[in-house]
Structure formats: structure tokens, C-alpha cells
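One structure below.
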Amino acid sequence: MPTKLTRRQALALALGACSAPLPAFAAGYPDKPIRMMVAFPAGGGPDLLARTLAEALRTTKGWNVVIMNKPGAGGNLGTGEVANAAPDGYTVLFGHVGALAVNPTLFKQLPFDPLKDFAPVGMIATSPLVAVTGAGKPYQSLRDVLAEAKKRPGEISVGFSGSGTISHLSMTQLASLAGVKLSFVPYKGASQGIVDVVAGNVDVYVSSMGSLVQHVRGGKARALAITSAARSPELPEVATVAEQGFPGFEAATWFGMVAPKGTPAAVVAELNAALQAALNSPAVAEKYRTDGSVPVASTPDEFGRLLRSETTRWGKVVRDAGVELQ
């Protein structure tokens with residue numbers, strides 16, 4: 001079942017659905033396949049989440065949703081294509097925090113403005129980050145890592161997948177809060193980073209729950225902290241960052257649906273109602289859980305508020321860290 005995404009600092013989402021009756025012109029919607037753009041490669045974590053959602057929309061509403069993969073430029077290519085699509089409800093984006101909330105500050109130029117070029121439809125899911133170390137390392141908690149970083153500034157290595165990602169920015173923010181200097185190691189993908197942290201080549205690796213939980217359960221890596229506001233039922237023994245001396249700290253990868261600006265409000269409402277029905281299906285809850293994600297339902301207005309608050313939050317982190325991509 002979907003749960004509310006809680007943020008002590010910047011956001012508060014509540015379960016809800018748009019229940020107002022639709023005008024007559026939306027009554028026959030949809031009468032053809034809907035394209036759902038995924039700005040990630042086929043077969044990856046976000047793609048699998050999107051395909052699970054598409055199947056749930058088929059089983060709960062009878063809709064034909066076709067997944068379109070267009071990765072590249074940190075999600076900007078696929079996101080930009082949806083921004084320029086016809087606002088008729090037949091092209092939507094399986095949106096990601098990176099392209100929708102981080103990239104506006106991270107990149108000098110974007111072919112879209114997330115706050116002006118899209119109509120928010122609703123949240124889809126959230127996934128906390130996990131910081132892990134190799135089983136052969138001495139660190140038992142995040143506190144241990146930060147204490148060592150104080151003794152040896154710039155010598156403790158922290159890996160993540162890609163500069164400007166939430167993993168990178170959350171650790172940048174944490175280092176600032178803790179008053180320590182870390183050595184950041186960006187990887188092109190999670191696979192090599194996981195290999196290196198298991199082998200002890202980097203001290204810490206930070207990624208989504210889904211990519212690391214099996215390595216922790218298998219004993220190859222030790223979880224040091226989780227970035228959600230509350231502990232995860234998947235790793236209940238792992239303390240949050242907030243519990244380890246940073247009250248209110250929370251960071252998560254999240255996904256949400258948007259449509260091109262100008263999409264009729266009645267169509268947005270119909271999309272939101274269908275999205276919530278799909279997220280409430282047991283199949284989605286189970287498949288998302290095994291990936292380390294949690295389905296999250298919201299109204300369009302709630303998702304719009306989240307977009308604004310997350311853009312403000314991560315924009316400040318990017319500027320303070322001096323991170324910039326072309």
C-alpha cells in the first residue's frame with residue numbers, strides 16, 4: 001500500500017486522490033495508447049519500476065501504457081522530449097528527482113524548466129539511500145566514519161554513481177553539516193562502485209536501497225546509515241542519519257509523474273486517479289518493496305509543492321558545493 005512521504009524540513013505529502021467529476025470532454029480518455037517516457041536505460045532500476053507501474057495501469061484500469069526509454073544527459077533528453085510533447089495526456093514522464101529538481105541548478109542550460117513546462121500528476125515512489133562499507137573495514141556506523149574523517153581530512157573515500165546525483169549531493173550536505181572533508185569518488189554506474197566497496201577499495205559507497213540491500217544481507221557489505229526519516233523495514237537494524245547526530249536530515253531518490261504544460265486539468269485528474277489505483281495494487285507494493293522502494297500516492301497539488309521544495313533544497317546544495325555540469 002502507498003505510504004506518505006514525510007520530510008521534517010521541507011515537505012509533507014498526504015495520501016489522497018482527486019475525486020471531482022470529470023468534464024464530458026475527458027470521459028472517453030484514453031482511447032489510444034499512452035506513452036510513458038523513462039529517461040533511463042532499459043533494464044535498470046527506474047525502468048523496472050516504470051514497467052511495473054505500466055502493467056498495474058493495464059490490470060487496474062485497462063490502459064495500454066507503452067514505455068519509451070530515452071536516457072542521456074542526466075535524464076535531460078527524455079525529460080525534454082516530454083516537455084515538448086503535445087499536451088493531450090498521451091505522453092507522460094516517469095520523472096526522477098535528478099532531472100526535475102537537481103538538474104535546473106546543476107546544468108548551465110536545460111531544454112526545459114521543470115516548474116514551468118510540466119503539469120504535476122502525482123508522486124509514484126521514494127527510495128532511501130544507504131551508506132555501506134566493506135565487511136573488512138572497521139567502521140560500524142556513520143559516526144565512526146565521520147570521526148575518522150575528522151582525524152584524517154580528505155582521506156576517507158566515499159563513492160557514488162555520478163556527480164550531481166542525490167547520493168553525491170546528500171553526502172556533500174552531510175560533510176558540510178559534520179564539518180569534515182571527504183574524498184568523493186564518482187562512478188559511471190553502481191556496479192563498479194559496489195565491487196570496489198566490497199573489495200575495500202573505497203571506504204564508503206552510497207546508493208539506493210535496491211542496489212545494496214542484497215549485498216548487506218549477504219554479508220559482503222555493512223550498512224552504516226540510511227537516509228530516510230525513519231528506519232527501513234528492509235534493514236530495521238540500521239540507524240538513520242538523523243539518529244546519528246543530524247536531526248531532521250533526510251534524503252531520498254523519488255519518482256513522480258508529470259505531463260506537458262497545458263494538459264487539461266480533467267485529464268490530469270484522470271491520470272492521477274489511475275495512478276493512485278495502480279499504486280494501491282498489491283502487485284506494485286510487493287515489486288517495489290523488493291526493489292527497496294515504497295509506492296507513494298499524492299494529489300497533483302501535493303506533488304507540485306514537493307517539486308518546488310525539492311528544487312529549492314537541492315539547488316542550494318549544488319550552489320554551496322560549487323557543482324556544475326555542462
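Labels for the C-alpha cells follow display order: chains A, B, ..., residues from 1 in each chain, ligands from 1.
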Quick one: everything within 10 Å of segment 28-33 of chain A, counting only C-alpha atoms, minus sequence neighbours fewer than 2 positions away in the same chain. Send it as a PDB file with C-alpha atoms, in the first residue's frame.
ATOM      1  CA  ALA A  24     -17.547  15.434 -20.599  1.00  0.00           C
ATOM      2  CA  PHE A  25     -14.589  16.009 -22.967  1.00  0.00           C
ATOM      3  CA  ALA A  26     -12.413  13.767 -20.762  1.00  0.00           C
ATOM      4  CA  ARG A  35       3.488   6.851 -23.964  1.00  0.00           C
ATOM      5  CA  MET A  36       5.337   6.902 -20.635  1.00  0.00           C
ATOM      6  CA  GLY A  62      -7.335  -1.494 -18.734  1.00  0.00           C
ATOM      7  CA  TRP A  63      -4.994   1.186 -20.106  1.00  0.00           C
ATOM      8  CA  ASN A  64      -2.364   0.475 -22.723  1.00  0.00           C
ATOM      9  CA  VAL A  65       0.798   2.250 -21.490  1.00  0.00           C
ATOM     10  CA  VAL A  66       3.886   1.959 -23.682  1.00  0.00           C
ATOM     11  CA  ASP A  88      -3.136  15.888 -24.735  1.00  0.00           C
ATOM     12  CA  GLY A  89      -2.489  13.344 -21.963  1.00  0.00           C
ATOM     13  CA  TYR A  90      -0.976  10.757 -24.304  1.00  0.00           C
ATOM     14  CA  THR A  91       2.649  11.483 -23.352  1.00  0.00           C
ATOM     15  CA  ALA A 266      -9.615  16.946 -16.254  1.00  0.00           C
ATOM     16  CA  VAL A 267      -7.079  14.705 -17.998  1.00  0.00           C
ATOM     17  CA  GLU A 270      -7.962  11.161 -14.638  1.00  0.00           C
ATOM     18  CA  LEU A 271      -4.242  10.326 -14.787  1.00  0.00           C
TER      19      LEU A 271
END
- Query: Could you pull out the strand (DSSP E or B) residues of segment 209-279 of chain A from DSSP and send them as a list of chain:residue names?
  - Reply: A:Ala221, A:Arg222, A:Ala223, A:Leu224, A:Ala225, A:Ile226, A:Thr240, A:Ala252, A:Thr253, A:Trp254, A:Phe255, A:Gly256, A:Met257, A:Val258, A:Ala259, A:Pro260
- Quick one: everything within 6 Å of Gly95 of chain A, counting only C-alpha atoms, minus sequence neighbours fewer than 4 positions away in the same chain. Send it as a PyMOL selection string. chain A and resi 255-257
- Message: Please report the interatomic distance between atom CA of Ser167 of chain A and atom CA of Gly189 of chain A in Å with one decimal.
- Response: 12.0 Å
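Excluding Pro41 of chain A and any residue on its chain fewer than 5 positions from it, the residues at most 7 Å away by only C-alpha atoms are Asp47, Asn69, Lys70 and Pro71 of chain A.
Of note, atom CA of His96 of chain A and atom CA of Thr79 of chain A are spaced 9.1 Å apart.
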List the neighbours of Glu324 of chain A out to 8 Å using only C-alpha atoms; skip same-chain residues closer than 4 positions along the sequence, and give me the result as an mmCIF file with N, CA and C atoms, in the first residue's frame.
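Output saved as part08.cif:
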data_model
loop_
_atom_site.group_PDB
_atom_site.id
_atom_site.type_symbol
_atom_site.label_atom_id
_atom_site.label_comp_id
_atom_site.auth_asym_id
_atom_site.auth_seq_id
_atom_site.Cartn_x
_atom_site.Cartn_y
_atom_site.Cartn_z
ATOM 1 N N THR A 105 19.630 23.472 -11.459
ATOM 2 C CA THR A 105 20.765 24.208 -10.902
ATOM 3 C C THR A 105 22.083 23.601 -11.345
ATOM 4 N N LEU A 106 22.101 22.299 -11.535
ATOM 5 C CA LEU A 106 23.339 21.583 -11.838
ATOM 6 C C LEU A 106 23.861 21.892 -13.239
ATOM 7 N N PHE A 107 22.957 22.069 -14.207
ATOM 8 C CA PHE A 107 23.346 22.317 -15.592
ATOM 9 C C PHE A 107 23.198 23.804 -15.938
ATOM 10 N N LYS A 108 24.142 24.301 -16.732
ATOM 11 C CA LYS A 108 24.073 25.705 -17.137
ATOM 12 C C LYS A 108 22.840 25.982 -17.976
ATOM 13 N N GLY A 164 26.697 14.988 -9.082
ATOM 14 C CA GLY A 164 25.425 15.690 -9.110
ATOM 15 C C GLY A 164 24.219 14.834 -8.817
ATOM 16 N N VAL A 318 23.656 22.305 -4.405
ATOM 17 C CA VAL A 318 24.503 22.365 -5.602
ATOM 18 C C VAL A 318 25.321 23.649 -5.614
#
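Comparing the minimum interatomic distances between Tyr205 of chain A and each of A:Gly218, A:Pro300, A:Pro111, A:Gly162, counting only C-alpha atoms, we find that A:Gly162 sits nearest.
Between Leu49 of chain A and the candidates A:Gly219, A:Gly210, A:Pro236, A:Gly154, the tightest atom-to-atom separation, counting only C-alpha atoms, involves A:Gly210.
Atom CA of Leu275 of chain A sits 8.2 Å away from atom CA of Leu53 of chain A.
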- Task: Mind listing the helix (DSSP H, G or I) residues of segment 139-233 of chain A, per DSSP on the backbone, as an MDAnalysis selection string?
- Result: chainID A and resid 142:151 166:178 190:199 209:217
Atoms kept (N, CA and C atoms) for selection, written as a CSV table (one decimal), in the first residue's frame:
chain,number,residue,atom,x,y,z
A,142,LEU,N,27.9,5.3,10.8
A,142,LEU,CA,28.3,6.5,10.1
A,142,LEU,C,29.1,7.4,11.1
A,143,ARG,N,28.8,7.4,12.4
A,143,ARG,CA,29.6,8.1,13.3
A,143,ARG,C,31.0,7.8,13.3
A,144,ASP,N,31.3,6.5,13.1
A,144,ASP,CA,32.7,6.0,13.1
A,144,ASP,C,33.4,6.6,11.8
A,145,VAL,N,32.7,6.7,10.7
A,145,VAL,CA,33.3,7.2,9.5
A,145,VAL,C,33.6,8.7,9.7
A,146,LEU,N,32.7,9.4,10.2
A,146,LEU,CA,32.9,10.9,10.4
A,146,LEU,C,33.9,11.2,11.4
A,147,ALA,N,34.0,10.4,12.5
A,147,ALA,CA,35.1,10.6,13.5
A,147,ALA,C,36.5,10.4,12.8
A,148,GLU,N,36.6,9.4,12.0
A,148,GLU,CA,37.8,9.1,11.3
A,148,GLU,C,38.2,10.2,10.3
A,149,ALA,N,37.1,10.8,9.7
A,149,ALA,CA,37.3,11.9,8.7
A,149,ALA,C,37.8,13.1,9.4
A,150,LYS,N,37.4,13.3,10.6
A,150,LYS,CA,37.9,14.5,11.4
A,150,LYS,C,39.4,14.3,11.7
A,151,LYS,N,39.8,13.1,11.9
A,151,LYS,CA,41.3,12.8,12.2
A,151,LYS,C,42.1,12.9,10.9
A,166,ILE,N,21.8,12.4,-6.3
A,166,ILE,CA,21.3,12.6,-4.9
A,166,ILE,C,22.3,12.0,-3.9
A,167,SER,N,22.9,10.9,-4.3
A,167,SER,CA,23.9,10.2,-3.5
A,167,SER,C,25.1,11.2,-3.2
A,168,HIS,N,25.5,11.8,-4.3
A,168,HIS,CA,26.6,12.8,-4.2
A,168,HIS,C,26.2,14.0,-3.4
A,169,LEU,N,25.1,14.6,-3.7
A,169,LEU,CA,24.7,15.8,-3.0
A,169,LEU,C,24.4,15.6,-1.6
A,170,SER,N,23.8,14.5,-1.2
A,170,SER,CA,23.4,14.2,0.2
A,170,SER,C,24.7,14.1,1.0
A,171,MET,N,25.7,13.4,0.5
A,171,MET,CA,27.0,13.3,1.2
A,171,MET,C,27.7,14.6,1.3
A,172,THR,N,27.6,15.4,0.2
A,172,THR,CA,28.2,16.8,0.3
A,172,THR,C,27.5,17.6,1.4
A,173,GLN,N,26.2,17.5,1.5
A,173,GLN,CA,25.5,18.2,2.5
A,173,GLN,C,25.9,17.7,3.9
A,174,LEU,N,26.0,16.4,4.0
A,174,LEU,CA,26.3,15.8,5.3
A,174,LEU,C,27.7,16.2,5.7
A,175,ALA,N,28.7,16.2,4.8
A,175,ALA,CA,30.0,16.6,5.1
A,175,ALA,C,30.1,18.0,5.7
A,176,SER,N,29.3,18.9,5.0
A,176,SER,CA,29.2,20.2,5.5
A,176,SER,C,28.6,20.4,6.9
A,177,LEU,N,27.6,19.6,7.1
A,177,LEU,CA,27.0,19.6,8.5
A,177,LEU,C,27.9,19.1,9.5
A,178,ALA,N,28.7,18.1,9.2
A,178,ALA,CA,29.6,17.4,10.1
A,178,ALA,C,30.9,18.2,10.3
A,190,ALA,N,26.5,2.0,-10.7
A,190,ALA,CA,26.6,1.4,-9.4
A,190,ALA,C,27.4,0.1,-9.4
A,191,SER,N,27.5,-0.6,-10.5
A,191,SER,CA,28.1,-1.9,-10.4
A,191,SER,C,29.5,-1.9,-10.0
A,192,GLN,N,30.3,-1.0,-10.6
A,192,GLN,CA,31.8,-0.9,-10.3
A,192,GLN,C,32.0,-0.4,-8.9
A,193,GLY,N,31.1,0.6,-8.5
A,193,GLY,CA,31.2,1.1,-7.1
A,193,GLY,C,31.0,0.1,-6.1
A,194,ILE,N,30.0,-0.8,-6.3
A,194,ILE,CA,29.7,-1.9,-5.4
A,194,ILE,C,30.9,-2.8,-5.3
A,195,VAL,N,31.4,-3.2,-6.5
A,195,VAL,CA,32.6,-4.0,-6.5
A,195,VAL,C,33.7,-3.5,-5.7
A,196,ASP,N,34.0,-2.2,-5.8
A,196,ASP,CA,35.1,-1.5,-5.1
A,196,ASP,C,34.8,-1.4,-3.6
A,197,VAL,N,33.6,-1.1,-3.2
A,197,VAL,CA,33.4,-1.0,-1.7
A,197,VAL,C,33.5,-2.4,-1.1
A,198,VAL,N,33.0,-3.5,-1.8
A,198,VAL,CA,33.1,-4.8,-1.2
A,198,VAL,C,34.5,-5.2,-1.1
A,199,ALA,N,35.4,-4.8,-2.1
A,199,ALA,CA,36.8,-5.2,-2.1
A,199,ALA,C,37.6,-4.3,-1.2
A,209,MET,N,18.6,1.9,-1.9
A,209,MET,CA,18.4,0.7,-1.1
A,209,MET,C,18.4,-0.6,-2.0
A,210,GLY,N,17.7,-0.5,-3.2
A,210,GLY,CA,17.6,-1.6,-4.1
A,210,GLY,C,18.9,-2.2,-4.6
A,211,SER,N,19.9,-1.3,-4.8
A,211,SER,CA,21.1,-1.8,-5.4
A,211,SER,C,22.1,-2.3,-4.3
A,212,LEU,N,21.8,-2.1,-3.0
A,212,LEU,CA,22.7,-2.5,-2.0
A,212,LEU,C,22.2,-3.5,-1.0
A,213,VAL,N,20.9,-3.6,-0.8
A,213,VAL,CA,20.3,-4.4,0.3
A,213,VAL,C,20.7,-5.9,0.2
A,214,GLN,N,20.8,-6.5,-1.0
A,214,GLN,CA,21.2,-7.9,-1.1
A,214,GLN,C,22.7,-8.1,-0.7
A,215,HIS,N,23.5,-7.1,-0.9
A,215,HIS,CA,24.9,-7.2,-0.5
A,215,HIS,C,25.1,-7.1,1.0
A,216,VAL,N,24.2,-6.3,1.6
A,216,VAL,CA,24.2,-6.2,3.0
A,216,VAL,C,23.7,-7.5,3.7
A,217,ARG,N,22.6,-8.0,3.1
A,217,ARG,CA,22.1,-9.2,3.7
A,217,ARG,C,23.0,-10.4,3.5
